[in-house]
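**Q** Take a look at this one; I'll ask things after.
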Amino acid sequence: MVTPEVNLSPAHYQAFGLEISSDLKLPELPLARSLDPSPELVSIRAANHQDWPPLQASPHSSATVQMAPGDWRLELEGVGWFRAFGGRQLSWQRWDDSVSDRDLRTFLVTSGLGALLIQRGALVLNGTTLVLDGKAVLLLGSPASGKSTLAWCLLQQGWQLLSSELSVVDSQGLVLPGLQQLKLWHDSVVALGLDWQQLPLVRRGLHRYALGQGDIAVIDQPIPLALIYGLGRMKSTNKKKEAEKPKEDSNANQEDEPRSPEQVLFKAWARKSERAALLTLRNQAYQPRFYRAMQQEASLFLQASHLLKRVAVHELRAPDGITAMRTALEAVDLFNPDALIEASEALAATEIEA
Amino acid sequence: MSATQAGYWYLASYPKSGNTWCRVFITELQRLAAESEPQELNLNRDLETGAIASSRHWLDDQMGVNSCDLSFAELDPLRGRAGESAWLFAEGERFHKVHDAFKSPDSRGRPVVSTAGCRGVVYIMRHPEDVVVSLSHFFSWPLERCVDYLLDPTAALVPGERNGGHQVRQHMGRWDQHVRSWADQSELPVLVMRYEDMLAKGAETFMALATFLGLPTEQGLVAQALANTSIDRLKKLEEQVGGFVEKPEGCERFFRSGRTGEGAEQLSLEQRKQLAKGLADVMERFDYGGVELG
């Protein structure tokens, strides 16, 4: 078994409302402004997974993730073993020497911290939060739904990144600073005119790049949440889902294809009923299986209902294609969803007349 | 009955070999047997047989990580463990479409799909010459390119290596390798169904399917389900919903001709020889005639 490399002086971070002490450097997280230990201290440490006690796993566990209330374990073959327990401790072990710190970090700060936050009863959502003029907008969406690309475009308009991939909203309706790194796919990087050769890979072997605190504007204080958007992408005709494509065609650049007005404008609508809004939040809870297996589902619903008394939920469909999205965004005010809805309805009316 | 007790099934095939027809038939047979649905089948609403085994959403849930953070080569050996927690498969969504070969060059000798709790696989195959023609319409590719594709040992469906996508890579390899990978594996009970038999000997072939899957086997029900899902009927149903959701961009219609022998009519002699030469053993084994190579 490989002995983990451990930094003797741990680094300190302040993220998701926690003081985090880690023996692995985590540049995705904001640095702590004070080194004073607080009661909310969470520690991330190397460990030997063989020392972990047997687990009475919940039936909602899977082959990769074994869980019980207050205990979460991920065995990711080829990468490592991870354990979050008691909402205070996150342990890791490298699979072997070929696994880099970057490999470990990728899963520690996402699934690992996400699980630990769920153990602490936090409301953790699948989304990226951006800030403008002291107000936060949360973009909810599954992986590969276009959150990061839209976020990068907003950053070019003067927005700041508060948290990416997972966002935590506290009981006061504040979004807490979290992961401050955007992961962009190769095609997005090229379409956005960035030099991919100068960007670090998210992990070796992936066609994804990481833009961190030095590359993008970030903010590291809790910000009141003003609006939530459930994000999706429009296809050329909106009822078609992604089709199967062979390798050669999947990477083809479709940016130059002619488009209808429906394809080049943002489209928005309100989640009017509380039930519909609650469903949007539930569906975009970070890893719902973690909530279920660690018996935190009731807390999730309670907090989501509480949040909906403060913040409205809208659905947002971005135009298909990065160039189209970027252009359309120039005419959009995300703080004014009513104007977006009106524009969408006017477009729909024009189409019916046509 | 819980989903765990019920288990689940795979409907595996090389693309454009009749997999969707099979799924529609299963849906229709179950719907008729339930006796409470007077309405006609809606292709885009009712076809909920279960997630495709390559769904990213499903893998993320099973693995507890964002699969976008793993390469396709890393994912292949892990995918077989996704799905061991069989409770996830809801009743009625127990039939999972698979286009992957049973194993991939990256899967370290393991199946790329979970076998734990799986009750069996229906492998649907079709004459490779007809697959070429159907693929050509589906991908909007010339026939020649489709011939090369069936003979390519690295052929795969990759819905996005550089741009995310909602599915992960599905390695298929050469057409004959794909057939062998499923027909010759010994980890799951397998029923091999030829598309040609589904057309020419429908009653008998679909009865065997219903029996294998533990579905209702009343002769009248099976016959009715088959009549309701004939290619002409499916074409009409596709028109009613304004295009089947699984149809790719640029493809005029998903349910096109459905008949056999189109390959022999449309492929050149040279193209047919290429297929016959490259795929001879498996074509012969499953009684698929090609051109004489002499």
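Following the order of the structure tokens, first chain is A, next is B, and so on, with residues numbered from 1 inside each chain and ligands from 1 in the order they appear.
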Hey, what's within 7 Å of Arg94 in chain A if we count only C-alpha atoms and toss same-chain stuff fewer than 5 positions away? As an MDAnalysis selection string, please?
**A** chainID A and resid 4 79:81 99
**Q** Give me the residues near range 187-195 of chain A as a ChimeraX atom specification, where near means some atom within 9 Å (using only C-alpha atoms) and where sequence neighbours in that chain fewer than 6 positions away do not count.
**A** /A:149,152-153,207-209,251,253,255,321-323,326 /B:162-163
**Q** Please list as a list in words every residue within 8 Å of Met193 in chain B, counting only C-alpha atoms and excluding residues in the same chain fewer than 2 positions away.
**A**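 Counting only C-alpha atoms, the residues come to Val122, Tyr123, Ile124, Met125, Leu191, Tyr195, Asp197, Met198 and Thr205 of chain B.
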**Q** Under the rule that only C-alpha atoms are counted, which of B:Gly7, B:Pro216, B:Gly258, B:Pro15 is the nearest residue to Ala155 in chain B?
**A**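 Among the listed residues, B:Pro15 lies closest to Ala155 in chain B.
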**Q** I'd like to know which residues of range 123-196 of chain B are helix (DSSP H, G or I) (by DSSP, run on the backbone); could you write them as a ChimeraX atom specification?
**A** /B:128-139,143-150,175-183,195-196
**Q** Write the selection just made, keeping C-alpha atoms, as a tab-separated table (two decimals), in the first residue's frame?
**A**
```
chain	number	residue	atom	x	y	z
B	128	PRO	CA	-25.19	-6.05	-41.99
B	129	GLU	CA	-25.98	-4.90	-45.54
B	130	ASP	CA	-29.34	-3.57	-44.34
B	131	VAL	CA	-27.73	-2.05	-41.24
B	132	VAL	CA	-25.47	-0.08	-43.60
B	133	VAL	CA	-28.43	1.39	-45.49
B	134	SER	CA	-30.33	2.23	-42.34
B	135	LEU	CA	-27.24	3.80	-40.72
B	136	SER	CA	-26.70	5.87	-43.83
B	137	HIS	CA	-30.12	7.48	-43.40
B	138	PHE	CA	-29.70	7.81	-39.63
B	139	PHE	CA	-26.26	9.44	-39.67
B	143	LEU	CA	-23.08	4.19	-47.94
B	144	GLU	CA	-19.34	3.76	-48.38
B	145	ARG	CA	-18.63	5.42	-45.04
B	146	CYS	CA	-21.17	3.20	-43.32
B	147	VAL	CA	-19.53	0.07	-44.78
B	148	ASP	CA	-16.21	1.22	-43.32
B	149	TYR	CA	-17.93	1.90	-40.00
B	150	LEU	CA	-19.24	-1.66	-39.70
B	175	TRP	CA	-20.19	-5.51	-36.42
B	176	ASP	CA	-19.13	-9.16	-36.04
B	177	GLN	CA	-17.21	-8.40	-32.84
B	178	HIS	CA	-20.33	-6.74	-31.46
B	179	VAL	CA	-22.47	-9.78	-32.25
B	180	ARG	CA	-19.98	-12.21	-30.72
B	181	SER	CA	-19.47	-10.10	-27.60
B	182	TRP	CA	-23.12	-10.57	-26.65
B	183	ALA	CA	-24.03	-13.87	-28.25
B	195	TYR	CA	-34.64	-8.66	-37.34
B	196	GLU	CA	-35.49	-10.71	-40.40
```
**Q** List every residue of range 30-276 of chain B that DSSP, applied to the backbone of this structure, places in strand (DSSP E), and write the result as a PyMOL selection string.
**A** chain B and resi 95-98+118-125+156-157+170-171+190-194
**Q** Rank A:Val137, A:Ala304, A:Leu166, A:Leu179 by their smallest atom-to-atom distance to chain B, using only C-alpha atoms, and report the top residue only.
**A** A:Leu166
**Q** Which polymer residues have any atom within 6 Å of an atom of range 108-118 of chain B, counting only C-alpha atoms, with same-chain residues fewer than 2 positions away left out, as a list in words?
**A**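 Once the adjacent positions are removed, what remains is Gly7, Tyr8, Trp9, Asp76, Arg79, Gly80, Arg81, Gly83, Glu84, Phe102, Lys103, Asp106 and Gly120 of chain B.
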**Q** Using only N, CA, C and O atoms, please write the residues we just selected to a file, as a PDB file, in the first residue's frame.
**A**
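Output (selection.pdb):
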```
ATOM      1  N   GLY B   7     -35.799  -7.795 -10.999  1.00  0.00           N
ATOM      2  CA  GLY B   7     -34.598  -7.776 -11.823  1.00  0.00           C
ATOM      3  C   GLY B   7     -34.789  -6.881 -13.032  1.00  0.00           C
ATOM      4  O   GLY B   7     -35.801  -6.180 -13.153  1.00  0.00           O
ATOM      5  N   TYR B   8     -33.835  -6.908 -13.919  1.00  0.00           N
ATOM      6  CA  TYR B   8     -33.941  -6.062 -15.104  1.00  0.00           C
ATOM      7  C   TYR B   8     -33.310  -6.788 -16.290  1.00  0.00           C
ATOM      8  O   TYR B   8     -32.658  -7.819 -16.126  1.00  0.00           O
ATOM      9  N   TRP B   9     -33.530  -6.228 -17.453  1.00  0.00           N
ATOM     10  CA  TRP B   9     -33.118  -6.873 -18.697  1.00  0.00           C
ATOM     11  C   TRP B   9     -32.384  -5.876 -19.581  1.00  0.00           C
ATOM     12  O   TRP B   9     -32.632  -4.679 -19.490  1.00  0.00           O
ATOM     13  N   ASP B  76     -15.163   3.093 -18.502  1.00  0.00           N
ATOM     14  CA  ASP B  76     -15.542   1.767 -19.009  1.00  0.00           C
ATOM     15  C   ASP B  76     -15.412   0.658 -17.964  1.00  0.00           C
ATOM     16  O   ASP B  76     -16.342  -0.128 -17.789  1.00  0.00           O
ATOM     17  N   ARG B  79     -18.226   1.140 -15.231  1.00  0.00           N
ATOM     18  CA  ARG B  79     -19.651   1.137 -15.575  1.00  0.00           C
ATOM     19  C   ARG B  79     -20.362  -0.144 -15.169  1.00  0.00           C
ATOM     20  O   ARG B  79     -21.547  -0.132 -14.847  1.00  0.00           O
ATOM     21  N   GLY B  80     -19.629  -1.247 -15.173  1.00  0.00           N
ATOM     22  CA  GLY B  80     -20.239  -2.526 -14.812  1.00  0.00           C
ATOM     23  C   GLY B  80     -20.710  -2.583 -13.367  1.00  0.00           C
ATOM     24  O   GLY B  80     -21.568  -3.384 -13.013  1.00  0.00           O
ATOM     25  N   ARG B  81     -20.143  -1.716 -12.533  1.00  0.00           N
ATOM     26  CA  ARG B  81     -20.570  -1.709 -11.121  1.00  0.00           C
ATOM     27  C   ARG B  81     -21.785  -0.812 -10.928  1.00  0.00           C
ATOM     28  O   ARG B  81     -22.461  -0.885  -9.906  1.00  0.00           O
ATOM     29  N   GLY B  83     -25.305   0.051 -11.141  1.00  0.00           N
ATOM     30  CA  GLY B  83     -26.510  -0.718 -11.401  1.00  0.00           C
ATOM     31  C   GLY B  83     -26.621  -1.932 -10.510  1.00  0.00           C
ATOM     32  O   GLY B  83     -27.628  -2.626 -10.524  1.00  0.00           O
ATOM     33  N   GLU B  84     -25.593  -2.185  -9.703  1.00  0.00           N
ATOM     34  CA  GLU B  84     -25.687  -3.309  -8.776  1.00  0.00           C
ATOM     35  C   GLU B  84     -26.766  -3.052  -7.726  1.00  0.00           C
ATOM     36  O   GLU B  84     -27.352  -3.959  -7.176  1.00  0.00           O
ATOM     37  N   PHE B 102     -20.353  -5.904 -25.305  1.00  0.00           N
ATOM     38  CA  PHE B 102     -20.413  -6.368 -23.908  1.00  0.00           C
ATOM     39  C   PHE B 102     -19.174  -5.934 -23.124  1.00  0.00           C
ATOM     40  O   PHE B 102     -19.253  -5.599 -21.953  1.00  0.00           O
ATOM     41  N   LYS B 103     -18.020  -5.925 -23.796  1.00  0.00           N
ATOM     42  CA  LYS B 103     -16.777  -5.441 -23.170  1.00  0.00           C
ATOM     43  C   LYS B 103     -16.124  -4.446 -24.120  1.00  0.00           C
ATOM     44  O   LYS B 103     -16.380  -4.473 -25.324  1.00  0.00           O
ATOM     45  N   ASP B 106     -11.104  -0.805 -23.144  1.00  0.00           N
ATOM     46  CA  ASP B 106     -10.707  -0.121 -21.906  1.00  0.00           C
ATOM     47  C   ASP B 106     -11.302  -0.752 -20.645  1.00  0.00           C
ATOM     48  O   ASP B 106     -11.015  -0.319 -19.537  1.00  0.00           O
ATOM     49  N   GLY B 120     -31.259 -11.161 -17.877  1.00  0.00           N
ATOM     50  CA  GLY B 120     -30.868 -11.657 -19.190  1.00  0.00           C
ATOM     51  C   GLY B 120     -30.795 -10.555 -20.218  1.00  0.00           C
ATOM     52  O   GLY B 120     -31.110  -9.400 -19.935  1.00  0.00           O
TER      53      GLY B 120
END
```
**Q** Which one of A:Ile118, A:Leu104, A:Tyr286, A:Gln66 sits closest to Gly78 in chain A if you count only C-alpha atoms?
**A**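 Counting only C-alpha atoms, the residue closest to Gly78 in chain A is A:Leu104.
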**Q** Could you jot down the CA of Leu227 in chain A to CA of Phe335 in chain A separation for me, Å, one decimal place?
**A** 7.2 Å
**Q** Using only C-alpha atoms, can you tell me which of A:Gln181, A:Thr280, A:Thr106, A:Ser273 comes closest to chain B?
**A**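 Among the listed residues, A:Thr106 lies closest to chain B.
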**Q** Between CA of His49 in chain A and CA of Ser107 in chain B, what is the distance in Å, rounded to a tenth?
**A** 24.8 Å
**Q** Interatomic distance between CA of Asp97 in chain A and CA of Ser43 in chain A?
**A** 23.0 Å
**Q** Determine the nearest neighbour of chain B from the options A:Pro224, A:Pro337, A:Gly212, A:Gly114, counting only C-alpha atoms.
**A**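 That would be A:Gly114, the residue with the smallest distance to chain B.
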**Q** Just checking: using only C-alpha atoms, which residue out of B:Val168, B:Leu269, B:Ile52, B:Ala200 ends up closest to Asp69 in chain B?
**A**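 Closest to Asp69 in chain B of all the choices is B:Val168.
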